[in-house]
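Colleague: Sending over a structure as structure tokens; questions will come in a sec.
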Amino acid sequence: MSLRQRLARLAGWLQEPQKVARFQRLCGVEALPSRSADPRQDEEAEAPRAGDPRRRDRQARAPGDPPPPGSDRNQCPAKPGGGGAPNGVRNGLAAELGPAWPRRAGALRRNSLTGEEGELACVSNWPLYYLFCFGTELGNELFYIMFFPFWIWNLDPLVGRRLVVIWVLVMYLGQCTKDIIRWPRPASPPVVKLEVFYNSEYSMPSTHAMSGTAIPISMVLLTYGRWQYPLLYGLILIPCWCSLVCLSRIYMGMHSILDIIAGFLYTILILAVFYPFVDLIDNFNQTHKYAPLIIIGLHLALGIFSFTLDTWSTSRGDTAEILGSGAGIACGSHVTYNMGLMLDPSLDILPLAWPPITLTLFGKAILRIFLGMLFILVVRDTMKKITIPLACKIFSIPCDDIRRARQHMEVELPYRYITYGMVGFSITFLVPYIFFFIGIS
């Protein structure tokens with residue numbers, strides 16, 4: 001057997017959904033037992049929960065009959081010929097509730113655009129359940145919209161900006177690679193889909209794994225030598241953060257082992273090639289006269305190149321959101337630098353020492369987070385209410401159903417790009433200007 005055949009065999013073994021299901025069972029997650037074929041037993045089992053609004057009746061199916069529509073819920077089918085899966089939404093059905101179980105987890109997350117819900121499952125290890133819920137959130141919007149502003153407003157704007165540059169590059173390449181390879185998510189069953197928010201996207205590579213690898217490694221690379229702290233702290237942070245995020249995606253049933261390994265190795269390759277240019281990119285964003293025009297034009301061009309999908313999926317909106325955020329933060333840093341609102345410390349005083357934690361310092365940090373996040377949320381909601389109806393009006397798209405309207409490319413791309421572009425611009429310019437004006441910068 002040649003090396004190529006061995007690698008292909010290993011890849012197939014790592015991609016098996018049975019491996020994901022086995023890991024879930026090892027961590028205490030199992031699918032609810034299927035109902036019996038006797039309708040009378042179903043009625044007896046459902047009787048105590050007759051008032052449950054989520055209960056759904058189902059007819060018994062004889063052996064050999066074809067499965068009813070939706071029985072392959074939360075799963076993107078492979079394309080004919082084994083070339084991947086057609087990108088797009090499978091209207092998943094919420095899992096039917098069986099007899100009441102003392103240990104059960106509901107849908108972790110519901111896809112507001114497709115109506116898909118995570119499967120109900122028996123959970124016997126709640127500490128792991130909550131730990132992996134936290135791990136998967138480290139790759140979601142809620143984390144990003146708090147993590148990057150915290151660095152820029154309270155810790156080190158230079159590190160925060162460069163983390164965003166790396167994050168945009170890694171996530172963009174990861175999303176584009178998904179849409180080129182077009183591999184489906186792990187099959188359910190046997191996998192239990194605890195989360196389906198990103199289920200309409202392809203699977204290979206895992207962008208959660210890429211983000212969970214890029215951020216901690218970049219944090220250590222950017223801060224060690226710039227700040228005084230033992231390198232051991234960074235060497236502990238990287239594997240803990242990376243492992244938590246990667247394992248959480250297998251636990252949630254969203255990725256195979258191969259997806260995770262590929263995402264990790266792909267990120268290492270991207271960092272090895274592009275990290276040496278991060279300093280150059282950040283300096284260009286701040287100092288070049290025509291940087292805002294080049295930044296906006298480049299991010300728009302990258303977006304147009306990546307939006308050639310065969311059907312709708314959350315990947316398109318996520319990519320526009322990432323590019324818009326990156327463009328807004330870069331443009332905001334340019335304006336902030338030229339107005340002298342947030343200057344980086346001189347190289348002569350490096351490495352920086354951590355200041356003593358005083359009540360005043362802590363109070364200002366909390367106030368900056370509270371006021372800054374409040375302003376960011378207001379900007380995001382305001383821009384959303386403006387851009388969606390405006391795009392619908394310009395492109396003559398019905399706006400009575402916002403969820404359906406957002407699935408049109410003509411609405412989704414302007415909405416995501418402009419809204420999160422303004423969010424990014426606010427993070428690096430408008431909010432620091434407010435801090436400077438009220439004296440808490």
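Ligands are numbered from 1 in the order shown, residues from 1 within each chain, and chains are lettered A, B, ... in the order they appear in the structure tokens.
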Show which residues sit within 8 Å of Tyr337 (chain A), as a list of chain:residue names. Count only C-alpha atoms, and ignore same-chain residues fewer than 6 positions away.
Modeller: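 Contacts, in chain order: A:Gln286, A:Thr287, A:Leu343.
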Colleague: If you count only C-alpha atoms, which residues fall within 7 Å of region 166-178 of chain A, apart from same-chain ones fewer than 2 positions away, as a PyMOL selection string?
Modeller: chain A and resi 162-164+180-182+202-205+207+210-211+267+270+306+315+319+322-323+326
Colleague: Could you take the residues named above and write them with N, CA and C atoms, as an mmCIF file, in the first residue's frame?
Modeller:
```cif
data_model
loop_
_atom_site.group_PDB
_atom_site.id
_atom_site.type_symbol
_atom_site.label_atom_id
_atom_site.label_comp_id
_atom_site.auth_asym_id
_atom_site.auth_seq_id
_atom_site.Cartn_x
_atom_site.Cartn_y
_atom_site.Cartn_z
ATOM 1 N N ARG A 162 -3.796 44.002 15.837
ATOM 2 C CA ARG A 162 -3.103 42.951 15.095
ATOM 3 C C ARG A 162 -3.766 41.589 15.280
ATOM 4 N N LEU A 163 -4.391 41.375 16.422
ATOM 5 C CA LEU A 163 -5.197 40.173 16.583
ATOM 6 C C LEU A 163 -6.348 40.156 15.582
ATOM 7 N N VAL A 164 -6.950 41.322 15.358
ATOM 8 C CA VAL A 164 -8.054 41.407 14.395
ATOM 9 C C VAL A 164 -7.553 41.117 12.986
ATOM 10 N N ILE A 180 -14.860 25.649 -1.134
ATOM 11 C CA ILE A 180 -14.161 24.993 -2.246
ATOM 12 C C ILE A 180 -14.196 23.473 -2.081
ATOM 13 N N ILE A 181 -13.932 22.994 -0.876
ATOM 14 C CA ILE A 181 -13.896 21.545 -0.630
ATOM 15 C C ILE A 181 -15.307 20.960 -0.592
ATOM 16 N N ARG A 182 -16.231 21.630 0.095
ATOM 17 C CA ARG A 182 -17.651 21.247 0.140
ATOM 18 C C ARG A 182 -17.877 19.843 0.706
ATOM 19 N N TYR A 202 -20.542 24.226 5.120
ATOM 20 C CA TYR A 202 -19.769 23.009 4.944
ATOM 21 C C TYR A 202 -18.885 22.768 6.163
ATOM 22 N N SER A 203 -18.177 21.658 6.147
ATOM 23 C CA SER A 203 -17.525 21.181 7.371
ATOM 24 C C SER A 203 -16.010 21.310 7.378
ATOM 25 N N MET A 204 -15.372 21.179 6.248
ATOM 26 C CA MET A 204 -13.904 21.081 6.191
ATOM 27 C C MET A 204 -13.283 22.363 5.646
ATOM 28 N N PRO A 205 -12.395 23.035 6.410
ATOM 29 C CA PRO A 205 -11.943 22.718 7.774
ATOM 30 C C PRO A 205 -12.828 23.409 8.812
ATOM 31 N N THR A 207 -13.636 26.155 11.127
ATOM 32 C CA THR A 207 -13.187 27.530 11.378
ATOM 33 C C THR A 207 -13.163 27.847 12.872
ATOM 34 N N MET A 210 -9.812 26.757 13.734
ATOM 35 C CA MET A 210 -8.838 27.712 13.217
ATOM 36 C C MET A 210 -8.755 28.939 14.105
ATOM 37 N N SER A 211 -9.919 29.467 14.489
ATOM 38 C CA SER A 211 -9.928 30.624 15.385
ATOM 39 C C SER A 211 -9.360 30.254 16.749
ATOM 40 N N THR A 267 -4.208 26.461 10.119
ATOM 41 C CA THR A 267 -3.918 27.709 10.825
ATOM 42 C C THR A 267 -2.426 27.874 11.062
ATOM 43 N N ILE A 270 -0.974 29.086 7.856
ATOM 44 C CA ILE A 270 -1.305 30.490 7.586
ATOM 45 C C ILE A 270 -0.458 31.420 8.447
ATOM 46 N N SER A 306 -15.555 35.750 -2.767
ATOM 47 C CA SER A 306 -15.947 34.599 -1.951
ATOM 48 C C SER A 306 -17.448 34.363 -1.919
ATOM 49 N N SER A 315 -22.595 30.869 5.756
ATOM 50 C CA SER A 315 -21.206 31.167 5.435
ATOM 51 C C SER A 315 -21.068 32.526 4.757
ATOM 52 N N THR A 319 -18.928 35.597 6.356
ATOM 53 C CA THR A 319 -17.756 36.140 5.660
ATOM 54 C C THR A 319 -17.872 37.643 5.490
ATOM 55 N N ILE A 322 -17.192 39.245 8.868
ATOM 56 C CA ILE A 322 -15.773 39.253 9.206
ATOM 57 C C ILE A 322 -15.038 40.344 8.430
ATOM 58 N N LEU A 323 -15.277 40.414 7.117
ATOM 59 C CA LEU A 323 -14.601 41.418 6.294
ATOM 60 C C LEU A 323 -15.023 42.829 6.680
ATOM 61 N N GLY A 326 -13.312 43.766 9.970
ATOM 62 C CA GLY A 326 -11.897 44.054 9.756
ATOM 63 C C GLY A 326 -11.675 45.391 9.084
#
```
Colleague: So which one's closest to Gly332 (chain A), A:Phe375, A:Leu237, A:Ala291, A:Trp227? Using only C-alpha atoms, please.
Modeller: A:Ala291
Colleague: Using CA of Ile386 (chain A) and CA of Thr419 (chain A) as the two end points, give the distance in Å to one decimal.
Modeller: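 Computing the Euclidean distance for CA of Ile386 (chain A) and CA of Thr419 (chain A) yields 9.1 Å.
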Colleague: By how many Å are CA of Met422 (chain A) and CA of Met383 (chain A) apart?
Modeller: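 These atoms are spaced 7.9 Å apart.
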Colleague: Quote the spacing between CA of Ile434 (chain A) and CA of Pro345 (chain A) in Å to one decimal place.
Modeller: 20.9 Å
Colleague: Point out the residue among A:Tyr417, A:Phe370, A:Trp126, A:Trp151 with the least atom-to-atom distance to Phe435 (chain A), counting only C-alpha atoms.
Modeller: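 The shortest atom-to-atom distance to Phe435 (chain A) comes from A:Phe370.
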Colleague: Using only C-alpha atoms for the distances, tell me which of A:Ile145, A:Leu258, A:Ile236, A:Cys399 is nearest to Trp13 (chain A).
Modeller: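 Checking each candidate against Trp13 (chain A), we get A:Leu258 as the closest.
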Colleague: When you count only C-alpha atoms, which of these residues is closest to Phe23 (chain A): A:Ser325, A:Ser248, A:Ser200, A:Ser441?
Modeller: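 Smallest distance to Phe23 (chain A) is found for A:Ser248.
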Colleague: Using only C-alpha atoms, pick whichever of A:Ser346, A:Ser256, A:Thr336, A:Asn154 has the shortest atom-to-atom distance to Ser206 (chain A).
Modeller: A:Ser256
Colleague: Which of these residues is nearest to Leu244 (chain A), using only C-alpha atoms: A:Val165, A:Val159, A:Ala214, A:Leu138?
Modeller: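 Going through A:Val165, A:Val159, A:Ala214, A:Leu138 one by one, the smallest distance to Leu244 (chain A) is for A:Leu138.
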Colleague: Quick one: residues within 9 Å of Trp241 (chain A), only C-alpha atoms counted, chain neighbours fewer than 6 positions away excluded, as a count of residues only?
Modeller: 6
Colleague: Quick one: residues within 10 Å of Leu26 (chain A), only C-alpha atoms counted, chain neighbours fewer than 5 positions away excluded, as a list in words?
Modeller: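 Listing them by chain and then by number gives Val20, Ala21, Asn125 and Tyr251 of chain A.
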Colleague: Write the residues of the preceding selection, restricted to N, CA, C and O atoms, as a compact mmCIF listing (two decimals), in the first residue's frame.
Modeller:
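What ended up in selection19.txt:
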```txt
# COMPACT_ATOMS: atom_id res chain seq x y z
N VAL A 20 -17.17 10.51 16.11
CA VAL A 20 -17.77 11.65 16.81
C VAL A 20 -18.81 11.17 17.81
O VAL A 20 -18.84 11.61 18.97
N ALA A 21 -19.66 10.23 17.37
CA ALA A 21 -20.68 9.70 18.27
C ALA A 21 -20.06 8.99 19.46
O ALA A 21 -20.56 9.09 20.59
N ASN A 125 -23.16 14.09 32.10
CA ASN A 125 -22.00 14.77 32.66
C ASN A 125 -22.17 16.27 32.45
O ASN A 125 -21.73 16.82 31.44
N TYR A 251 -17.80 17.55 20.40
CA TYR A 251 -18.83 17.31 21.41
C TYR A 251 -20.20 17.77 20.92
O TYR A 251 -21.21 17.09 21.12
```
Colleague: Contacts of Ile394 (chain A) at 12 Å or less, counting only C-alpha atoms, minus same-chain residues fewer than 5 places along, as number ranges by chain?
Modeller: A: 387-389, 399, 410-411, 414
